[in-house]
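**Q** This is work_8.cif (mmCIF, C-alpha atoms).
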data_query
loop_
_atom_site.label_atom_id
_atom_site.label_comp_id
_atom_site.auth_asym_id
_atom_site.auth_seq_id
_atom_site.Cartn_x
_atom_site.Cartn_y
_atom_site.Cartn_z
CA MET A 162 3.47 4.83 21.70
CA THR A 163 3.81 7.23 18.77
CA LEU A 164 0.99 7.44 16.26
CA PRO A 165 0.78 4.51 13.81
CA TYR A 166 0.49 6.93 10.89
CA ARG A 167 1.78 10.23 9.59
CA GLN A 168 0.21 12.63 7.14
CA ILE A 169 2.35 14.68 4.78
CA GLY A 170 1.66 17.36 2.19
CA GLU A 171 -1.05 19.96 1.82
CA ALA A 172 -4.34 18.60 0.57
CA THR A 173 -6.77 20.42 -1.67
CA CYS A 174 -10.40 19.37 -1.40
CA GLY A 175 -11.25 17.28 -4.44
CA GLY A 176 -7.63 16.55 -5.32
CA ILE A 177 -5.57 13.37 -5.60
CA VAL A 178 -4.29 11.70 -2.44
CA CYS A 179 -2.04 8.75 -1.63
CA VAL A 180 -2.30 6.14 1.12
CA SER A 181 0.27 3.47 1.93
CA ASP A 182 -0.37 0.74 4.49
CA HIS A 183 3.10 -0.80 4.33
CA ALA A 184 5.33 2.28 4.13
CA SER A 185 7.30 1.62 7.33
CA ASN A 186 9.57 -1.06 8.79
CA GLN A 187 9.35 0.25 12.36
CA VAL A 188 8.62 -2.04 15.31
CA PRO A 189 7.23 -0.19 18.36
CA GLU A 190 9.01 -0.40 21.69
CA GLY A 191 7.70 -3.25 23.80
CA ILE A 192 7.04 -5.56 20.84
CA ASP A 193 9.60 -8.29 20.21
CA LEU A 194 8.98 -10.13 16.95
CA ARG A 195 11.76 -12.59 17.81
CA ILE A 196 13.12 -12.70 14.28
CA ASP A 197 16.38 -11.71 12.63
CA PRO A 198 16.20 -7.88 12.80
CA ALA A 199 17.30 -7.67 9.16
CA LEU A 200 14.00 -9.18 8.05
CA VAL A 201 12.07 -5.99 8.79
CA ASN A 202 14.06 -4.33 5.98
CA GLU A 203 13.00 -6.97 3.48
CA HIS A 204 9.74 -7.25 1.56
CA ILE A 205 8.01 -9.14 4.37
CA GLY A 206 8.55 -6.18 6.70
CA VAL A 207 7.98 -3.18 4.46
CA ASP A 208 6.90 -2.28 0.93
CA ILE A 209 10.35 -1.28 -0.26
CA GLY A 210 10.49 2.06 -2.06
CA VAL A 211 6.96 3.33 -1.44
CA GLU A 212 7.78 5.75 1.38
CA GLY A 213 10.26 7.64 -0.82
CA ILE A 214 7.78 7.78 -3.70
CA ALA A 215 5.00 9.07 -1.46
CA GLU A 216 7.28 11.70 0.09
CA GLU A 217 8.35 12.92 -3.35
CA MET A 218 4.75 13.04 -4.58
CA ALA A 219 3.74 15.05 -1.53
CA ALA A 220 6.70 17.44 -1.72
CA ASN A 221 6.83 18.12 -5.45
CA HIS A 222 3.65 16.88 -7.14
CA GLY A 223 0.85 18.10 -4.89
CA VAL A 224 -0.27 14.63 -3.79
CA PRO A 225 -0.57 14.46 0.03
CA ALA A 226 -0.22 11.12 1.77
CA HIS A 227 -1.42 9.12 4.77
CA LEU A 228 1.39 6.69 5.60
CA ALA A 229 1.74 3.85 8.07
CA THR A 230 4.56 4.15 10.61
CA VAL A 231 4.49 0.53 11.79
CA SER A 232 5.81 -2.59 10.05
CA ARG A 233 3.36 -4.98 8.48
CA LEU A 234 4.96 -7.70 10.61
CA VAL A 235 3.56 -6.04 13.74
CA VAL A 236 0.05 -5.71 12.36
CA ASP A 237 -0.95 -5.84 8.72
CA LEU A 238 -3.02 -2.73 8.08
CA HIS A 239 -4.00 -4.07 4.66
CA ARG A 240 -6.08 -6.90 6.08
CA GLU A 241 -9.53 -7.00 7.64
CA GLU A 242 -9.64 -7.12 11.43
CA GLU A 243 -10.88 -10.71 11.39
CA HIS A 244 -8.32 -11.89 8.82
CA PRO A 245 -6.11 -14.66 10.27
CA GLY A 246 -3.00 -12.85 9.01
CA VAL A 247 -3.75 -9.44 10.48
CA VAL A 248 -1.00 -10.25 13.00
CA PRO A 249 1.06 -12.59 10.82
CA GLN A 250 2.60 -15.68 12.36
CA THR A 251 4.45 -16.56 9.14
CA SER A 252 5.54 -14.58 6.09
CA ASP A 253 7.17 -15.97 2.93
CA GLY A 254 8.59 -18.96 4.77
CA HIS A 255 9.65 -17.16 7.96
CA VAL A 256 8.02 -17.85 11.32
CA ILE A 257 7.33 -14.62 13.21
CA HIS A 258 7.87 -16.17 16.64
CA GLY A 259 6.87 -13.10 18.63
CA ASN A 260 3.44 -13.09 16.99
CA VAL A 261 2.59 -16.65 17.97
CA GLY A 262 0.15 -16.24 20.85
CA ALA A 263 0.32 -12.44 20.63
CA ASP A 264 -2.49 -10.25 21.98
CA VAL A 265 -4.18 -9.49 18.66
CA GLU A 266 -6.86 -7.30 20.20
CA GLU A 267 -4.24 -5.06 21.81
CA ARG A 268 -2.54 -4.47 18.45
CA LEU A 269 -5.86 -3.80 16.77
CA SER A 270 -6.88 -1.28 19.42
CA SER A 271 -3.52 0.49 19.68
CA ILE A 272 -2.36 0.45 16.04
CA TYR A 273 -4.85 -0.85 13.48
CA ARG A 274 -7.99 1.03 14.49
CA PRO A 275 -6.30 4.41 15.09
CA TYR A 276 -4.62 4.12 11.68
CA HIS A 277 -7.87 3.45 9.84
CA GLU A 278 -9.96 5.88 11.88
CA ALA A 279 -7.49 8.65 11.08
CA MET A 280 -7.50 7.70 7.40
CA SER A 281 -11.30 7.77 7.34
CA LYS A 282 -11.41 11.26 8.85
CA TRP A 283 -8.63 12.48 6.54
CA LEU A 284 -10.45 11.24 3.44
CA ASP A 285 -13.80 12.61 4.58
CA GLU A 286 -12.28 16.06 4.96
CA ARG A 287 -10.57 15.99 1.57
CA ALA A 288 -13.25 14.33 -0.60
CA PRO A 289 -10.57 13.25 -3.07
CA SER A 290 -11.19 12.86 -6.78
CA LEU A 291 -8.81 9.87 -6.78
CA ILE A 292 -7.05 7.75 -4.16
CA ILE A 293 -3.68 6.18 -4.93
CA SER A 294 -3.23 3.11 -2.72
CA LEU A 295 0.49 2.56 -3.06
CA HIS A 296 2.29 -0.76 -2.60
CA SER A 297 5.32 -2.60 -3.97
CA PHE A 298 6.02 -6.26 -4.62
CA THR A 299 9.12 -8.42 -4.54
CA PRO A 300 10.40 -9.70 -7.91
CA LYS A 301 10.57 -13.21 -6.41
CA LEU A 302 8.97 -14.88 -3.43
CA ALA A 303 11.20 -17.27 -1.49
CA THR A 304 8.35 -19.77 -1.33
CA SER A 305 7.40 -19.73 -5.03
CA ASP A 306 9.03 -20.16 -8.42
CA GLU A 307 6.22 -18.33 -10.19
CA PRO A 308 7.63 -15.54 -12.39
CA ARG A 309 6.66 -11.96 -11.59
CA PRO A 310 7.48 -10.09 -14.79
CA TRP A 311 5.14 -7.12 -14.30
CA GLU A 312 6.78 -3.76 -13.70
CA VAL A 313 3.65 -2.14 -12.34
CA ALA A 314 0.23 -3.57 -11.54
CA LEU A 315 -3.28 -2.28 -10.96
CA LEU A 316 -5.48 -4.10 -8.45
CA TYR A 317 -9.22 -3.67 -7.97
CA ASN A 318 -12.27 -5.42 -6.62
CA GLU A 319 -15.68 -4.27 -7.85
CA ASP A 320 -14.80 -0.73 -8.92
CA ASP A 321 -12.35 -0.83 -11.83
CA ARG A 322 -13.11 2.63 -13.29
CA ALA A 323 -9.77 4.22 -12.45
CA ALA A 324 -7.75 1.02 -12.88
CA ARG A 325 -8.86 0.59 -16.50
CA HIS A 326 -7.66 4.07 -17.43
CA ALA A 327 -4.39 3.65 -15.53
CA ILE A 328 -3.60 0.27 -17.11
CA GLN A 329 -3.85 1.79 -20.58
CA LEU A 330 -1.75 4.81 -19.63
CA PHE A 331 1.02 2.66 -18.16
CA VAL A 332 0.97 0.44 -21.26
CA GLU A 333 1.43 3.58 -23.35
CA GLU A 334 4.54 4.29 -21.25
CA GLY A 335 5.96 0.99 -22.52
CA LEU A 336 5.58 -0.89 -19.23
CA ASN A 337 4.64 -4.50 -18.60
CA VAL A 338 1.43 -3.95 -16.65
CA GLY A 339 -0.31 -6.48 -14.42
CA ASP A 340 -4.10 -6.53 -14.46
CA ASN A 341 -4.94 -7.80 -10.96
CA GLU A 342 -1.46 -9.34 -10.75
CA PRO A 343 0.67 -10.55 -8.94
CA TYR A 344 -2.41 -11.09 -6.77
CA SER A 345 -6.03 -10.20 -7.28
CA GLY A 346 -7.85 -7.31 -5.68
CA LYS A 347 -10.90 -9.54 -5.78
CA GLN A 348 -9.31 -11.45 -2.88
CA LEU A 349 -7.11 -8.79 -1.24
CA ASN A 350 -8.28 -5.19 -1.36
CA ALA A 351 -8.96 -4.53 2.31
CA THR A 352 -8.12 -0.84 2.61
CA MET A 353 -9.89 0.24 -0.57
CA ASN A 354 -12.82 -2.07 0.23
CA ARG A 355 -13.15 -0.12 3.47
CA HIS A 356 -12.35 3.46 2.46
CA ALA A 357 -13.16 3.73 -1.26
CA GLU A 358 -15.62 1.25 -2.71
CA PRO A 359 -18.48 1.82 -0.20
CA PHE A 360 -18.33 5.58 -0.85
CA GLY A 361 -17.95 5.49 -4.61
CA ARG A 362 -14.47 7.01 -4.36
CA PRO A 363 -12.37 6.19 -7.44
CA TYR A 364 -9.04 4.59 -6.62
CA CYS A 365 -5.93 3.07 -8.17
CA ALA A 366 -4.35 0.35 -6.06
CA ILE A 367 -0.87 0.36 -7.54
CA GLU A 368 1.90 -2.20 -7.06
CA ILE A 369 5.43 -1.41 -8.31
CA ARG A 370 8.14 -4.05 -8.57
CA GLN A 371 10.70 -3.37 -5.88
CA ASP A 372 13.85 -3.72 -7.98
CA LEU A 373 12.64 -0.72 -10.00
CA ILE A 374 12.35 1.62 -7.00
CA SER A 375 15.32 0.80 -4.79
CA THR A 376 17.14 4.13 -5.19
CA THR A 377 16.12 7.74 -4.59
CA GLU A 378 16.55 8.48 -8.30
CA ASP A 379 14.21 5.61 -9.21
CA GLN A 380 11.68 6.67 -6.60
CA ASN A 381 11.66 10.24 -7.89
CA HIS A 382 11.14 8.95 -11.44
CA TRP A 383 8.18 6.83 -10.39
CA ALA A 384 6.72 9.65 -8.30
CA ALA A 385 6.65 11.86 -11.38
CA LEU A 386 5.17 9.05 -13.47
CA LEU A 387 2.48 8.25 -10.91
CA ALA A 388 1.60 11.93 -10.61
CA LYS A 389 1.25 12.23 -14.39
CA VAL A 390 -0.82 9.07 -14.75
CA SER A 391 -3.05 9.78 -11.77
CA THR A 392 -3.75 13.32 -13.00
CA ARG A 393 -4.82 11.96 -16.37
CA VAL A 394 -6.97 9.30 -14.71
CA ALA A 395 -8.69 11.88 -12.49
CA LEU A 396 -9.41 14.07 -15.53
CA ALA A 397 -10.82 11.10 -17.45
CA LEU A 398 -13.17 10.32 -14.57
CA ASP A 399 -14.33 13.90 -14.11
#
For this file, produce the structure as structure tokens.
**A**
Amino acid sequence: MTLPYRQIGEATCGGIVCVSDHASNQVPEGIDLRIDPALVNEHIGVDIGVEGIAEEMAANHGVPAHLATVSRLVVDLHREEEHPGVVPQTSDGHVIHGNVGADVEERLSSIYRPYHEAMSKWLDERAPSLIISLHSFTPKLATSDEPRPWEVALLYNEDDRAARHAIQLFVEEGLNVGDNEPYSGKQLNATMNRHAEPFGRPYCAIEIRQDLISTTEDQNHWAALLAKVSTRVALALD
């Protein structure tokens, strides 16, 4: 099997980096999710738009990235190993039939652990001044009528240093900004809880609404905006 991650861009020690756990919709050979194949292209299978943003940030804004190359429906890299949804059996009303009774340990050992071990080494070598943990969210869940009006959101658990600066900067850009919305980093912050908070590494866990980043033009716009905001955040924390 190919590696469950790829790393793009040239990193400078002490610079800004990006990580994205849900950047891919790929299902490895030998795994049959037993769902409509179109579902892997929807929000349950991939964080729509984030791969293009990360690639643009790496290519033109000096922000290298560590990106997942496996769909979140195969194994959710943004969950703890012991989380019941690390190999999801349902997602937004869809049963993932191929995951019912799946060998969870095999997916952890072949995909999850190599992904996080490589990220850990990559971050140790770069000692970043700021980590951008990049995600996107659907404007509407199929299983909920709750409105999701935020255009961009900042999530955090215990360490909100970077998030507080970023929230204000996005507000100044005229955006409707979610503060631990549409879900709270107090409950779901697995990757940054593992790779940032224990080491005192500042981070911005950023969620962008998917209808705003569906085209290459939109993704390039948001890449430039994220680069500008993250640079200002890093300077404020220095």
**Q** So what does the PyMOL selection byres ((chain A and resi 291) around 8) actually pick up in this one, as an NGL selection string?
**A** :A and (176-178 or 289-290 or 292-293 or 362-365 or 391 or 395)
**Q** Let me have the centre and edge lengths of the axis-aligned box enclosing all listed atoms of range 308-319 of chain A with 6 Å padding on every side, in Å to one decimal, as lines of an AutoDock Vina configuration file.
**A**
center_x = -4.0
center_y = -8.8
center_z = -10.7
size_x = 35.3
size_y = 25.4
size_z = 20.2
**Q** Give as number ranges by chain the residues that the PyMOL selection byres ((chain A and resi 278) around 12) matches when applied to the coordinates above.
**A** A: 164-166, 227, 238, 269-277, 279-285, 352, 355-356
**Q** With only C-alpha atoms as the counted atoms, please give the residues lying no more than 8 Å from range 323-329 of chain A, apart from itself and same-chain residues fewer than 3 positions off, as a compact mmCIF listing (two decimals) with C-alpha atoms, keeping the file's coordinate frame.
**A**
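Okay, this is what ended up in part01.txt:
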# COMPACT_ATOMS: atom_id res chain seq x y z
CA ALA A 314 0.23 -3.57 -11.54
CA LEU A 315 -3.28 -2.28 -10.96
CA LEU A 316 -5.48 -4.10 -8.45
CA TYR A 317 -9.22 -3.67 -7.97
CA ASP A 320 -14.80 -0.73 -8.92
CA VAL A 332 0.97 0.44 -21.26
CA GLU A 333 1.43 3.58 -23.35
CA VAL A 338 1.43 -3.95 -16.65
CA GLY A 339 -0.31 -6.48 -14.42
CA ASP A 340 -4.10 -6.53 -14.46
CA PRO A 363 -12.37 6.19 -7.44
CA TYR A 364 -9.04 4.59 -6.62
CA CYS A 365 -5.93 3.07 -8.17
CA ALA A 366 -4.35 0.35 -6.06
CA VAL A 390 -0.82 9.07 -14.75
CA SER A 391 -3.05 9.78 -11.77
CA VAL A 394 -6.97 9.30 -14.71
CA ALA A 395 -8.69 11.88 -12.49
CA ALA A 397 -10.82 11.10 -17.45
CA LEU A 398 -13.17 10.32 -14.57
**Q** In terms of the shortest atom-to-atom distance over only C-alpha atoms, which of A:Asn186, A:Arg370, A:Ala303, A:Ala288 is closest to Asn202 in chain A?
**A**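 Closest candidate: A:Asn186.
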**Q** Rank A:Tyr344, A:Ile169, A:Ala357, A:Arg287 by their smallest atom-to-atom distance to Glu217 in chain A, using all atoms listed in the file, and report the top residue only.
**A**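 Of the candidates, the smallest distance to Glu217 in chain A is held by A:Ile169.
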**Q** Determine the residue set returned by the PyMOL selection byres ((chain A and resi 188-199) around 9) for the present structure, and present it as a PyMOL selection string.
**A** chain A and resi 162-163+185-187+200-203+230-232+234-235+255-260
**Q** Fewer than 4 positions away in the same chain doesn't count, so skip those; otherwise give me all residues within 12 Å of Lys301 in chain A, counting only C-alpha atoms, as a ChimeraX atom specification.
**A** /A:203-205,253,305-311,343,370-372
**Q** For the interface of range 169-255 of chain A with range 373-380 of chain A (cut-off 7 Å, counting all atoms listed in the file), please tabulate each contacting residue of range 169-255 of chain A alongside its nearest pair of atoms and their separation in Å to one decimal, rows sorted by chain and increasing number, as JSON lines.
**A**
{"residue": "A:Gly210", "atom": "CA", "partner": "A:Ile374", "partner_atom": "CA", "distance": 5.3}
{"residue": "A:Gly213", "atom": "CA", "partner": "A:Gln380", "partner_atom": "CA", "distance": 6.0}
{"residue": "A:Ile214", "atom": "CA", "partner": "A:Gln380", "partner_atom": "CA", "distance": 5.0}
**Q** Using only C-alpha atoms, which residue out of A:Leu228, A:Ser297, A:His382, A:Gly206 lies closest to Thr251 in chain A?
**A**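 Ranking A:Leu228, A:Ser297, A:His382, A:Gly206 by distance to Thr251 in chain A, first place goes to A:Gly206.
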**Q** Could you tell me which of A:Glu334, A:Glu171, A:Glu243, A:Asp208 comes closest to Ile369 in chain A if we count all atoms listed in the file?
**A**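 Using all atoms listed in the file, the shortest distance to Ile369 in chain A belongs to A:Asp208.
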**Q** Work out how far apart CA of Asn337 in chain A and CA of His296 in chain A are and give it in Å to one decimal.
**A**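 Interatomic distance here is 16.6 Å.
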**Q** State, in Å with one decimal place, the distance from CA of Arg167 in chain A to CA of Lys347 in chain A.
**A**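 Pair CA of Arg167 in chain A / CA of Lys347 in chain A returns 28.1 Å.
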**Q** Choose the residue, out of A:Asp237, A:Glu286, A:Arg322, A:Gly361, that has the smallest atom-to-atom separation from Val265 in chain A; count only C-alpha atoms.
**A**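 Distance minimum relative to Val265 in chain A lands on A:Asp237.
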**Q** Reconstruct range 331-342 of chain A at the level of all heavy atoms, and format the result as a compact mmCIF listing (two decimals), keeping the file's coordinate frame.
**A**
# COMPACT_ATOMS: atom_id res chain seq x y z
N PHE A 331 -0.28 3.28 -18.43
CA PHE A 331 1.02 2.66 -18.16
C PHE A 331 1.51 1.83 -19.36
O PHE A 331 2.71 1.80 -19.65
CB PHE A 331 0.95 1.78 -16.91
CG PHE A 331 0.99 2.55 -15.62
CD1 PHE A 331 -0.04 2.44 -14.69
CD2 PHE A 331 2.08 3.35 -15.30
CE1 PHE A 331 -0.01 3.13 -13.50
CE2 PHE A 331 2.13 4.05 -14.10
CZ PHE A 331 1.08 3.94 -13.19
N VAL A 332 0.60 1.17 -20.04
CA VAL A 332 0.97 0.44 -21.26
C VAL A 332 1.54 1.41 -22.29
O VAL A 332 2.55 1.12 -22.96
CB VAL A 332 -0.25 -0.32 -21.83
CG1 VAL A 332 0.06 -0.83 -23.25
CG2 VAL A 332 -0.63 -1.50 -20.94
N GLU A 333 0.94 2.57 -22.41
CA GLU A 333 1.43 3.58 -23.35
C GLU A 333 2.82 4.09 -22.97
O GLU A 333 3.55 4.60 -23.83
CB GLU A 333 0.44 4.74 -23.43
CG GLU A 333 -0.87 4.38 -24.11
CD GLU A 333 -1.91 5.49 -24.04
OE1 GLU A 333 -1.57 6.59 -23.54
OE2 GLU A 333 -3.06 5.26 -24.47
N GLU A 334 3.19 3.93 -21.70
CA GLU A 334 4.54 4.29 -21.25
C GLU A 334 5.55 3.18 -21.55
O GLU A 334 6.73 3.30 -21.23
CB GLU A 334 4.54 4.57 -19.75
CG GLU A 334 3.76 5.80 -19.34
CD GLU A 334 4.45 7.09 -19.72
OE1 GLU A 334 5.69 7.09 -19.87
OE2 GLU A 334 3.74 8.11 -19.87
N GLY A 335 5.07 2.09 -22.16
CA GLY A 335 5.96 0.99 -22.52
C GLY A 335 6.22 -0.01 -21.41
O GLY A 335 7.18 -0.79 -21.48
N LEU A 336 5.37 -0.02 -20.39
CA LEU A 336 5.58 -0.89 -19.23
C LEU A 336 4.80 -2.19 -19.35
O LEU A 336 3.75 -2.26 -20.01
CB LEU A 336 5.15 -0.16 -17.95
CG LEU A 336 5.98 1.08 -17.59
CD1 LEU A 336 5.29 1.88 -16.50
CD2 LEU A 336 7.38 0.67 -17.16
N ASN A 337 5.34 -3.22 -18.72
CA ASN A 337 4.64 -4.50 -18.60
C ASN A 337 3.70 -4.37 -17.40
O ASN A 337 4.16 -4.30 -16.26
CB ASN A 337 5.65 -5.63 -18.38
CG ASN A 337 5.00 -7.00 -18.35
OD1 ASN A 337 3.79 -7.13 -18.20
ND2 ASN A 337 5.81 -8.04 -18.48
N VAL A 338 2.40 -4.31 -17.67
CA VAL A 338 1.43 -3.95 -16.65
C VAL A 338 0.61 -5.18 -16.24
O VAL A 338 0.06 -5.88 -17.09
CB VAL A 338 0.48 -2.85 -17.14
CG1 VAL A 338 -0.46 -2.40 -16.03
CG2 VAL A 338 1.28 -1.66 -17.67
N GLY A 339 0.51 -5.40 -14.94
CA GLY A 339 -0.31 -6.48 -14.42
C GLY A 339 -1.74 -6.02 -14.18
O GLY A 339 -1.96 -4.98 -13.58
N ASP A 340 -2.68 -6.78 -14.67
CA ASP A 340 -4.10 -6.53 -14.46
C ASP A 340 -4.56 -7.49 -13.36
O ASP A 340 -4.75 -8.68 -13.61
CB ASP A 340 -4.86 -6.78 -15.77
CG ASP A 340 -6.35 -6.47 -15.67
OD1 ASP A 340 -6.88 -6.37 -14.55
OD2 ASP A 340 -6.99 -6.34 -16.73
N ASN A 341 -4.68 -6.97 -12.14
CA ASN A 341 -4.94 -7.80 -10.96
C ASN A 341 -3.88 -8.88 -10.78
O ASN A 341 -4.16 -10.04 -10.48
CB ASN A 341 -6.35 -8.40 -10.98
CG ASN A 341 -7.31 -7.64 -10.09
OD1 ASN A 341 -6.91 -6.83 -9.26
ND2 ASN A 341 -8.60 -7.91 -10.23
N GLU A 342 -2.63 -8.50 -11.00
CA GLU A 342 -1.46 -9.34 -10.75
C GLU A 342 -0.47 -8.52 -9.93
O GLU A 342 -0.47 -7.30 -10.01
CB GLU A 342 -0.79 -9.74 -12.07
CG GLU A 342 -1.67 -10.52 -13.04
CD GLU A 342 -1.86 -11.97 -12.65
OE1 GLU A 342 -1.26 -12.38 -11.63
OE2 GLU A 342 -2.58 -12.68 -13.34
